[in-house]
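Okay, data00.tsv now, which holds TSV, N, CA and C atoms:
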chain	number	residue	atom	x	y	z
A	1	ILE	N	-15.37	-83.30	10.75
A	1	ILE	CA	-16.32	-82.58	11.59
A	1	ILE	C	-16.32	-83.14	13.02
A	2	PHE	N	-16.01	-84.41	13.19
A	2	PHE	CA	-16.02	-85.01	14.53
A	2	PHE	C	-15.10	-84.29	15.51
A	3	PRO	N	-13.84	-83.99	15.16
A	3	PRO	CA	-12.99	-83.30	16.13
A	3	PRO	C	-13.58	-81.96	16.58
A	4	PHE	N	-14.19	-81.23	15.65
A	4	PHE	CA	-14.80	-79.95	16.01
A	4	PHE	C	-15.92	-80.15	17.02
A	5	VAL	N	-16.75	-81.13	16.79
A	5	VAL	CA	-17.86	-81.41	17.71
A	5	VAL	C	-17.33	-81.80	19.08
A	6	TRP	N	-16.31	-82.62	19.11
A	6	TRP	CA	-15.72	-83.06	20.38
A	6	TRP	C	-15.13	-81.87	21.15
A	7	ILE	N	-14.42	-80.99	20.45
A	7	ILE	CA	-13.84	-79.81	21.10
A	7	ILE	C	-14.95	-78.92	21.65
A	8	TYR	N	-16.00	-78.73	20.86
A	8	TYR	CA	-17.13	-77.92	21.32
A	8	TYR	C	-17.76	-78.54	22.56
A	9	PHE	N	-17.92	-79.85	22.55
A	9	PHE	CA	-18.51	-80.54	23.69
A	9	PHE	C	-17.65	-80.36	24.94
A	10	LEU	N	-16.34	-80.54	24.80
A	10	LEU	CA	-15.45	-80.38	25.94
A	10	LEU	C	-15.49	-78.95	26.48
A	11	ALA	N	-15.53	-77.97	25.58
A	11	ALA	CA	-15.62	-76.58	26.02
A	11	ALA	C	-16.94	-76.33	26.76
A	12	PHE	N	-18.01	-76.93	26.26
A	12	PHE	CA	-19.32	-76.78	26.91
A	12	PHE	C	-19.31	-77.39	28.31
A	13	VAL	N	-18.75	-78.57	28.43
A	13	VAL	CA	-18.69	-79.24	29.72
A	13	VAL	C	-17.85	-78.42	30.70
A	14	GLU	N	-16.71	-77.94	30.26
A	14	GLU	CA	-15.84	-77.15	31.12
A	14	GLU	C	-16.53	-75.86	31.53
A	15	SER	N	-17.24	-75.23	30.59
A	15	SER	CA	-17.97	-74.00	30.89
A	15	SER	C	-19.08	-74.27	31.90
A	16	ALA	N	-19.79	-75.36	31.72
A	16	ALA	CA	-20.88	-75.71	32.63
A	16	ALA	C	-20.36	-75.98	34.03
A	17	ARG	N	-19.16	-76.47	34.11
A	17	ARG	CA	-18.54	-76.77	35.40
A	17	ARG	C	-18.46	-75.52	36.27
A	18	TYR	N	-18.24	-74.39	35.62
A	18	TYR	CA	-18.10	-73.15	36.36
A	18	TYR	C	-19.42	-72.39	36.52
A	19	SER	N	-20.49	-72.81	35.85
A	19	SER	CA	-21.71	-72.01	35.83
A	19	SER	C	-22.29	-71.75	37.21
A	20	SER	N	-22.39	-72.75	38.06
A	20	SER	CA	-22.96	-72.52	39.38
A	20	SER	C	-22.00	-71.71	40.26
A	21	TYR	N	-20.72	-71.93	40.10
A	21	TYR	CA	-19.74	-71.19	40.88
A	21	TYR	C	-19.73	-69.72	40.47
A	22	MET	N	-19.97	-69.46	39.17
A	22	MET	CA	-19.92	-68.10	38.66
A	22	MET	C	-21.02	-67.22	39.23
A	23	LEU	N	-22.11	-67.77	39.68
A	23	LEU	CA	-23.20	-66.96	40.20
A	23	LEU	C	-22.74	-66.08	41.35
A	24	ASN	N	-21.79	-66.55	42.13
A	24	ASN	CA	-21.33	-65.82	43.30
A	24	ASN	C	-19.85	-65.49	43.26
A	25	SER	N	-19.24	-65.55	42.09
A	25	SER	CA	-17.80	-65.36	42.00
A	25	SER	C	-17.44	-64.40	40.87
A	26	SER	N	-16.36	-63.70	41.07
A	26	SER	CA	-15.84	-62.84	40.00
A	26	SER	C	-14.99	-63.69	39.05
A	27	ALA	N	-14.73	-63.13	37.89
A	27	ALA	CA	-13.87	-63.82	36.93
A	27	ALA	C	-12.49	-64.04	37.52
A	28	ALA	N	-12.03	-63.08	38.30
A	28	ALA	CA	-10.72	-63.23	38.94
A	28	ALA	C	-10.71	-64.42	39.89
A	29	ASP	N	-11.80	-64.59	40.64
A	29	ASP	CA	-11.91	-65.76	41.53
A	29	ASP	C	-11.89	-67.05	40.73
A	30	LEU	N	-12.63	-67.05	39.63
A	30	LEU	CA	-12.67	-68.24	38.78
A	30	LEU	C	-11.30	-68.57	38.22
A	31	LEU	N	-10.60	-67.55	37.76
A	31	LEU	CA	-9.27	-67.77	37.21
A	31	LEU	C	-8.32	-68.27	38.28
A	32	HIS	N	-8.38	-67.67	39.43
A	32	HIS	CA	-7.52	-68.10	40.53
A	32	HIS	C	-7.80	-69.57	40.89
A	33	THR	N	-9.07	-69.93	40.96
A	33	THR	CA	-9.46	-71.31	41.27
A	33	THR	C	-8.97	-72.26	40.18
A	34	TRP	N	-9.13	-71.86	38.91
A	34	TRP	CA	-8.70	-72.72	37.80
A	34	TRP	C	-7.19	-72.95	37.88
A	35	LEU	N	-6.44	-71.88	38.10
A	35	LEU	CA	-4.99	-72.03	38.20
A	35	LEU	C	-4.61	-72.98	39.33
A	36	ASP	N	-5.26	-72.82	40.48
A	36	ASP	CA	-4.97	-73.71	41.62
A	36	ASP	C	-5.34	-75.16	41.31
A	37	GLU	N	-6.53	-75.38	40.79
A	37	GLU	CA	-7.01	-76.74	40.51
A	37	GLU	C	-6.18	-77.45	39.45
A	38	ASN	N	-5.60	-76.68	38.55
A	38	ASN	CA	-4.84	-77.27	37.45
A	38	ASN	C	-3.33	-77.15	37.66
A	39	ASP	N	-2.95	-76.77	38.88
A	39	ASP	CA	-1.54	-76.65	39.25
A	39	ASP	C	-0.76	-75.82	38.23
A	40	ARG	N	-1.34	-74.67	37.89
A	40	ARG	CA	-0.71	-73.75	36.94
A	40	ARG	C	-0.46	-72.42	37.62
A	41	SER	N	0.50	-71.69	37.10
A	41	SER	CA	0.84	-70.39	37.68
A	41	SER	C	0.38	-69.27	36.75
A	42	VAL	N	0.38	-68.07	37.31
A	42	VAL	CA	0.08	-66.89	36.51
A	42	VAL	C	1.13	-66.77	35.41
A	43	ALA	N	2.38	-67.06	35.73
A	43	ALA	CA	3.46	-67.00	34.73
A	43	ALA	C	3.20	-67.98	33.58
A	44	TRP	N	2.72	-69.18	33.89
A	44	TRP	CA	2.41	-70.16	32.86
A	44	TRP	C	1.32	-69.64	31.93
A	45	LEU	N	0.24	-69.11	32.50
A	45	LEU	CA	-0.86	-68.58	31.69
A	45	LEU	C	-0.40	-67.39	30.87
A	46	ALA	N	0.40	-66.52	31.47
A	46	ALA	CA	0.91	-65.35	30.76
A	46	ALA	C	1.69	-65.76	29.51
A	47	LYS	N	2.51	-66.77	29.67
A	47	LYS	CA	3.29	-67.26	28.52
A	47	LYS	C	2.38	-67.82	27.44
A	48	LYS	N	1.33	-68.54	27.85
A	48	LYS	CA	0.40	-69.15	26.89
A	48	LYS	C	-0.35	-68.11	26.06
A	49	ILE	N	-0.67	-66.97	26.67
A	49	ILE	CA	-1.46	-65.97	25.93
A	49	ILE	C	-0.63	-64.74	25.55
A	50	ASP	N	0.68	-64.84	25.74
A	50	ASP	CA	1.63	-63.83	25.29
A	50	ASP	C	1.40	-62.45	25.93
A	51	VAL	N	1.28	-62.47	27.25
A	51	VAL	CA	1.25	-61.23	28.05
A	51	VAL	C	2.18	-61.42	29.23
A	52	THR	N	2.37	-60.39	30.00
A	52	THR	CA	3.23	-60.52	31.18
A	52	THR	C	2.41	-61.01	32.38
A	53	PRO	N	3.07	-61.65	33.32
A	53	PRO	CA	2.37	-62.03	34.56
A	53	PRO	C	1.77	-60.82	35.27
A	54	LYS	N	2.45	-59.68	35.17
A	54	LYS	CA	1.95	-58.46	35.79
A	54	LYS	C	0.60	-58.05	35.18
A	55	THR	N	0.44	-58.25	33.88
A	55	THR	CA	-0.82	-57.94	33.21
A	55	THR	C	-1.94	-58.81	33.75
A	56	ILE	N	-1.69	-60.10	33.88
A	56	ILE	CA	-2.72	-61.00	34.41
A	56	ILE	C	-3.07	-60.64	35.84
A	57	SER	N	-2.07	-60.32	36.63
A	57	SER	CA	-2.33	-59.90	38.01
A	57	SER	C	-3.19	-58.64	38.04
A	58	ALA	N	-2.95	-57.73	37.11
A	58	ALA	CA	-3.77	-56.51	37.03
A	58	ALA	C	-5.21	-56.86	36.67
A	59	TRP	N	-5.41	-57.79	35.72
A	59	TRP	CA	-6.77	-58.21	35.37
A	59	TRP	C	-7.47	-58.80	36.59
A	60	MET	N	-6.74	-59.60	37.33
A	60	MET	CA	-7.32	-60.27	38.49
A	60	MET	C	-7.62	-59.26	39.60
A	61	GLY	N	-6.86	-58.17	39.65
A	61	GLY	CA	-7.07	-57.15	40.66
A	61	GLY	C	-8.19	-56.18	40.30
A	62	ARG	N	-8.17	-55.71	39.05
A	62	ARG	CA	-9.14	-54.71	38.61
A	62	ARG	C	-10.35	-55.33	37.94
A	63	GLY	N	-10.15	-56.48	37.30
A	63	GLY	CA	-11.25	-57.12	36.57
A	63	GLY	C	-11.45	-56.57	35.17
A	64	LYS	N	-10.66	-55.58	34.79
A	64	LYS	CA	-10.79	-55.02	33.44
A	64	LYS	C	-9.85	-55.77	32.50
A	65	ILE	N	-10.42	-56.17	31.37
A	65	ILE	CA	-9.66	-56.99	30.42
A	65	ILE	C	-10.22	-56.77	29.02
A	66	LYS	N	-9.35	-56.81	28.03
A	66	LYS	CA	-9.80	-56.70	26.65
A	66	LYS	C	-10.54	-57.98	26.27
A	67	VAL	N	-11.53	-57.83	25.42
A	67	VAL	CA	-12.33	-58.98	25.00
A	67	VAL	C	-11.46	-60.06	24.37
A	68	GLU	N	-10.51	-59.66	23.54
A	68	GLU	CA	-9.66	-60.67	22.89
A	68	GLU	C	-8.81	-61.43	23.91
A	69	ASP	N	-8.40	-60.76	24.98
A	69	ASP	CA	-7.65	-61.45	26.03
A	69	ASP	C	-8.55	-62.39	26.82
A	70	ALA	N	-9.77	-61.95	27.08
A	70	ALA	CA	-10.74	-62.81	27.77
A	70	ALA	C	-11.03	-64.05	26.92
A	71	LEU	N	-11.09	-63.88	25.60
A	71	LEU	CA	-11.29	-65.03	24.70
A	71	LEU	C	-10.12	-66.00	24.78
A	72	SER	N	-8.91	-65.46	24.85
A	72	SER	CA	-7.72	-66.32	24.98
A	72	SER	C	-7.77	-67.11	26.27
A	73	ILE	N	-8.18	-66.45	27.36
A	73	ILE	CA	-8.30	-67.15	28.64
A	73	ILE	C	-9.38	-68.21	28.56
A	74	GLU	N	-10.48	-67.90	27.90
A	74	GLU	CA	-11.57	-68.87	27.77
A	74	GLU	C	-11.11	-70.12	27.02
A	75	LYS	N	-10.33	-69.94	25.96
A	75	LYS	CA	-9.85	-71.09	25.18
A	75	LYS	C	-8.99	-72.03	26.02
A	76	ILE	N	-8.25	-71.48	26.95
A	76	ILE	CA	-7.35	-72.29	27.77
A	76	ILE	C	-8.06	-72.85	29.00
A	77	THR	N	-8.85	-72.02	29.67
A	77	THR	CA	-9.41	-72.40	30.96
A	77	THR	C	-10.87	-72.86	30.91
A	78	GLY	N	-11.58	-72.44	29.87
A	78	GLY	CA	-13.02	-72.72	29.82
A	78	GLY	C	-13.85	-71.69	30.57
A	79	ILE	N	-13.21	-70.71	31.18
A	79	ILE	CA	-13.94	-69.65	31.87
A	79	ILE	C	-14.50	-68.72	30.80
A	80	PRO	N	-15.82	-68.63	30.68
A	80	PRO	CA	-16.41	-67.87	29.58
A	80	PRO	C	-16.14	-66.37	29.67
A	81	VAL	N	-16.07	-65.76	28.51
A	81	VAL	CA	-15.82	-64.31	28.41
A	81	VAL	C	-16.81	-63.54	29.26
A	82	HIS	N	-18.06	-63.95	29.26
A	82	HIS	CA	-19.08	-63.20	29.98
A	82	HIS	C	-18.86	-63.19	31.49
A	83	ALA	N	-17.98	-64.06	32.00
A	83	ALA	CA	-17.67	-64.06	33.43
A	83	ALA	C	-17.00	-62.76	33.84
A	84	TRP	N	-16.33	-62.11	32.87
A	84	TRP	CA	-15.66	-60.85	33.16
A	84	TRP	C	-16.66	-59.71	33.21
A	85	GLY	N	-17.89	-59.99	32.79
A	85	GLY	CA	-18.97	-59.01	32.91
A	85	GLY	C	-18.80	-57.80	32.05
A	86	GLU	N	-19.44	-56.74	32.47
A	86	GLU	CA	-19.43	-55.49	31.72
A	86	GLU	C	-18.11	-54.75	31.86
A	87	GLN	N	-17.21	-55.28	32.66
A	87	GLN	CA	-15.93	-54.62	32.86
A	87	GLN	C	-14.96	-54.87	31.72
A	88	SER	N	-15.32	-55.79	30.81
A	88	SER	CA	-14.43	-56.05	29.67
A	88	SER	C	-14.33	-54.81	28.81
A	89	GLU	N	-13.12	-54.53	28.35
A	89	GLU	CA	-12.90	-53.36	27.52
A	89	GLU	C	-13.16	-53.68	26.07

Kindly return the structure encoded in the file as structure tokens.
Amino acid sequence: IFPFVWIYFLAFVESARYSSYMLNSSAADLLHTWLDENDRSVAWLAKKIDVTPKTISAWMGRGKIKVEDALSIEKITGIPVHAWGEQSE
């Protein structure tokens, strides 16, 4: 049970890190910031969640994303699904 608690704690801390920034930022802004801060590319994230870089760029441009894809992004970046707002499909 300890590893599960630790993972939950780390996810909570990472999520809290973005909470104040999220008040005035879109999910696309958050994702762009996360990629920059972690020296990662759109191509890297696309490979991790098994989509094309073009798909991620479209999400960042339109803000529309499937819930399951937003969950995949949350697992990697800590950016919560709800950051995508009501635009999630």

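Residues in contact with region 46-60 of chain A at 6.5 Å, where only N, CA and C atoms are counted and same-chain residues fewer than 5 positions away are skipped, are listed as A:Ala27, A:Ala28, A:Ser41, A:Ile65, A:Ser72.
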
Counting only C-alpha atoms, the residue among A:Arg62, A:Leu71, A:Gly78, A:Gly85 that lies closest to Leu35 (chain A) is A:Gly78

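Neighbours of Ala83 (chain A) closer than or equal to 8 Å, with only C-alpha atoms counted and sequence neighbours fewer than 3 positions away skipped, come out as Met22, Ser26, Ala27, Ile79 and Pro80 of chain A.
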
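Take CA of Asp39 (chain A) and CA of Val67 (chain A): the distance between them is 25.1 Å.
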
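Reported to one decimal place, the separation of atom N of His32 (chain A) from atom N of Trp84 (chain A) is 11.7 Å.
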
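Pairwise distance (atom C of Ala70 (chain A), atom N of His82 (chain A)) equals 7.4 Å.
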
How about completing region 40-51 of chain A with all heavy atoms and giving it to me as an mmCIF file, in the frame of the given file?
data_model
loop_
_atom_site.group_PDB
_atom_site.id
_atom_site.type_symbol
_atom_site.label_atom_id
_atom_site.label_comp_id
_atom_site.auth_asym_id
_atom_site.auth_seq_id
_atom_site.Cartn_x
_atom_site.Cartn_y
_atom_site.Cartn_z
ATOM 1 N N ARG A 40 -1.340 -74.670 37.890
ATOM 2 C CA ARG A 40 -0.710 -73.750 36.940
ATOM 3 C C ARG A 40 -0.460 -72.420 37.620
ATOM 4 O O ARG A 40 -1.140 -72.058 38.573
ATOM 5 C CB ARG A 40 -1.610 -73.521 35.726
ATOM 6 C CG ARG A 40 -1.935 -74.759 34.933
ATOM 7 C CD ARG A 40 -0.709 -75.326 34.291
ATOM 8 N NE ARG A 40 -1.071 -76.475 33.460
ATOM 9 C CZ ARG A 40 -0.187 -77.210 32.834
ATOM 10 N NH1 ARG A 40 1.096 -76.946 32.930
ATOM 11 N NH2 ARG A 40 -0.570 -78.231 32.106
ATOM 12 N N SER A 41 0.500 -71.690 37.100
ATOM 13 C CA SER A 41 0.840 -70.390 37.680
ATOM 14 C C SER A 41 0.380 -69.270 36.750
ATOM 15 O O SER A 41 0.073 -69.485 35.579
ATOM 16 C CB SER A 41 2.359 -70.280 37.867
ATOM 17 O OG SER A 41 2.994 -70.276 36.601
ATOM 18 N N VAL A 42 0.380 -68.070 37.310
ATOM 19 C CA VAL A 42 0.080 -66.890 36.510
ATOM 20 C C VAL A 42 1.130 -66.770 35.410
ATOM 21 O O VAL A 42 0.808 -66.432 34.262
ATOM 22 C CB VAL A 42 0.025 -65.627 37.397
ATOM 23 C CG1 VAL A 42 -0.008 -64.366 36.557
ATOM 24 C CG2 VAL A 42 -1.187 -65.687 38.326
ATOM 25 N N ALA A 43 2.380 -67.060 35.730
ATOM 26 C CA ALA A 43 3.460 -67.000 34.730
ATOM 27 C C ALA A 43 3.200 -67.980 33.580
ATOM 28 O O ALA A 43 3.424 -67.647 32.409
ATOM 29 C CB ALA A 43 4.805 -67.287 35.382
ATOM 30 N N TRP A 44 2.720 -69.180 33.890
ATOM 31 C CA TRP A 44 2.410 -70.160 32.860
ATOM 32 C C TRP A 44 1.320 -69.640 31.930
ATOM 33 O O TRP A 44 1.464 -69.701 30.703
ATOM 34 C CB TRP A 44 1.951 -71.470 33.507
ATOM 35 C CG TRP A 44 1.510 -72.500 32.526
ATOM 36 C CD1 TRP A 44 2.307 -73.416 31.892
ATOM 37 C CD2 TRP A 44 0.181 -72.721 32.048
ATOM 38 N NE1 TRP A 44 1.544 -74.196 31.046
ATOM 39 C CE2 TRP A 44 0.228 -73.784 31.125
ATOM 40 C CE3 TRP A 44 -1.051 -72.126 32.296
ATOM 41 C CZ2 TRP A 44 -0.889 -74.249 30.459
ATOM 42 C CZ3 TRP A 44 -2.178 -72.604 31.635
ATOM 43 C CH2 TRP A 44 -2.086 -73.650 30.727
ATOM 44 N N LEU A 45 0.240 -69.110 32.500
ATOM 45 C CA LEU A 45 -0.860 -68.580 31.690
ATOM 46 C C LEU A 45 -0.400 -67.390 30.870
ATOM 47 O O LEU A 45 -0.739 -67.279 29.686
ATOM 48 C CB LEU A 45 -2.041 -68.198 32.578
ATOM 49 C CG LEU A 45 -3.264 -67.655 31.850
ATOM 50 C CD1 LEU A 45 -3.818 -68.694 30.863
ATOM 51 C CD2 LEU A 45 -4.338 -67.247 32.857
ATOM 52 N N ALA A 46 0.400 -66.520 31.470
ATOM 53 C CA ALA A 46 0.910 -65.350 30.760
ATOM 54 C C ALA A 46 1.690 -65.760 29.510
ATOM 55 O O ALA A 46 1.517 -65.175 28.437
ATOM 56 C CB ALA A 46 1.780 -64.513 31.685
ATOM 57 N N LYS A 47 2.510 -66.770 29.670
ATOM 58 C CA LYS A 47 3.290 -67.260 28.520
ATOM 59 C C LYS A 47 2.380 -67.820 27.440
ATOM 60 O O LYS A 47 2.599 -67.601 26.251
ATOM 61 C CB LYS A 47 4.288 -68.326 28.993
ATOM 62 C CG LYS A 47 5.239 -68.779 27.937
ATOM 63 C CD LYS A 47 6.284 -69.725 28.502
ATOM 64 C CE LYS A 47 7.247 -70.152 27.414
ATOM 65 N NZ LYS A 47 8.277 -71.054 27.915
ATOM 66 N N LYS A 48 1.330 -68.540 27.850
ATOM 67 C CA LYS A 48 0.400 -69.150 26.890
ATOM 68 C C LYS A 48 -0.350 -68.110 26.060
ATOM 69 O O LYS A 48 -0.652 -68.354 24.895
ATOM 70 C CB LYS A 48 -0.631 -70.027 27.612
ATOM 71 C CG LYS A 48 -0.091 -71.318 28.117
ATOM 72 C CD LYS A 48 0.255 -72.191 26.959
ATOM 73 C CE LYS A 48 0.083 -73.636 27.279
ATOM 74 N NZ LYS A 48 0.454 -74.490 26.172
ATOM 75 N N ILE A 49 -0.670 -66.970 26.670
ATOM 76 C CA ILE A 49 -1.460 -65.970 25.930
ATOM 77 C C ILE A 49 -0.630 -64.740 25.550
ATOM 78 O O ILE A 49 -1.169 -63.749 25.080
ATOM 79 C CB ILE A 49 -2.738 -65.564 26.686
ATOM 80 C CG1 ILE A 49 -2.430 -64.937 28.036
ATOM 81 C CG2 ILE A 49 -3.662 -66.750 26.848
ATOM 82 C CD1 ILE A 49 -3.665 -64.426 28.748
ATOM 83 N N ASP A 50 0.680 -64.840 25.740
ATOM 84 C CA ASP A 50 1.630 -63.830 25.290
ATOM 85 C C ASP A 50 1.400 -62.450 25.930
ATOM 86 O O ASP A 50 1.314 -61.437 25.246
ATOM 87 C CB ASP A 50 1.589 -63.719 23.760
ATOM 88 C CG ASP A 50 2.811 -63.020 23.200
ATOM 89 O OD1 ASP A 50 3.876 -63.121 23.836
ATOM 90 O OD2 ASP A 50 2.700 -62.363 22.153
ATOM 91 N N VAL A 51 1.280 -62.470 27.250
ATOM 92 C CA VAL A 51 1.250 -61.230 28.050
ATOM 93 C C VAL A 51 2.180 -61.420 29.230
ATOM 94 O O VAL A 51 2.707 -62.510 29.432
ATOM 95 C CB VAL A 51 -0.186 -60.872 28.541
ATOM 96 C CG1 VAL A 51 -1.130 -60.629 27.377
ATOM 97 C CG2 VAL A 51 -0.737 -61.935 29.475
#
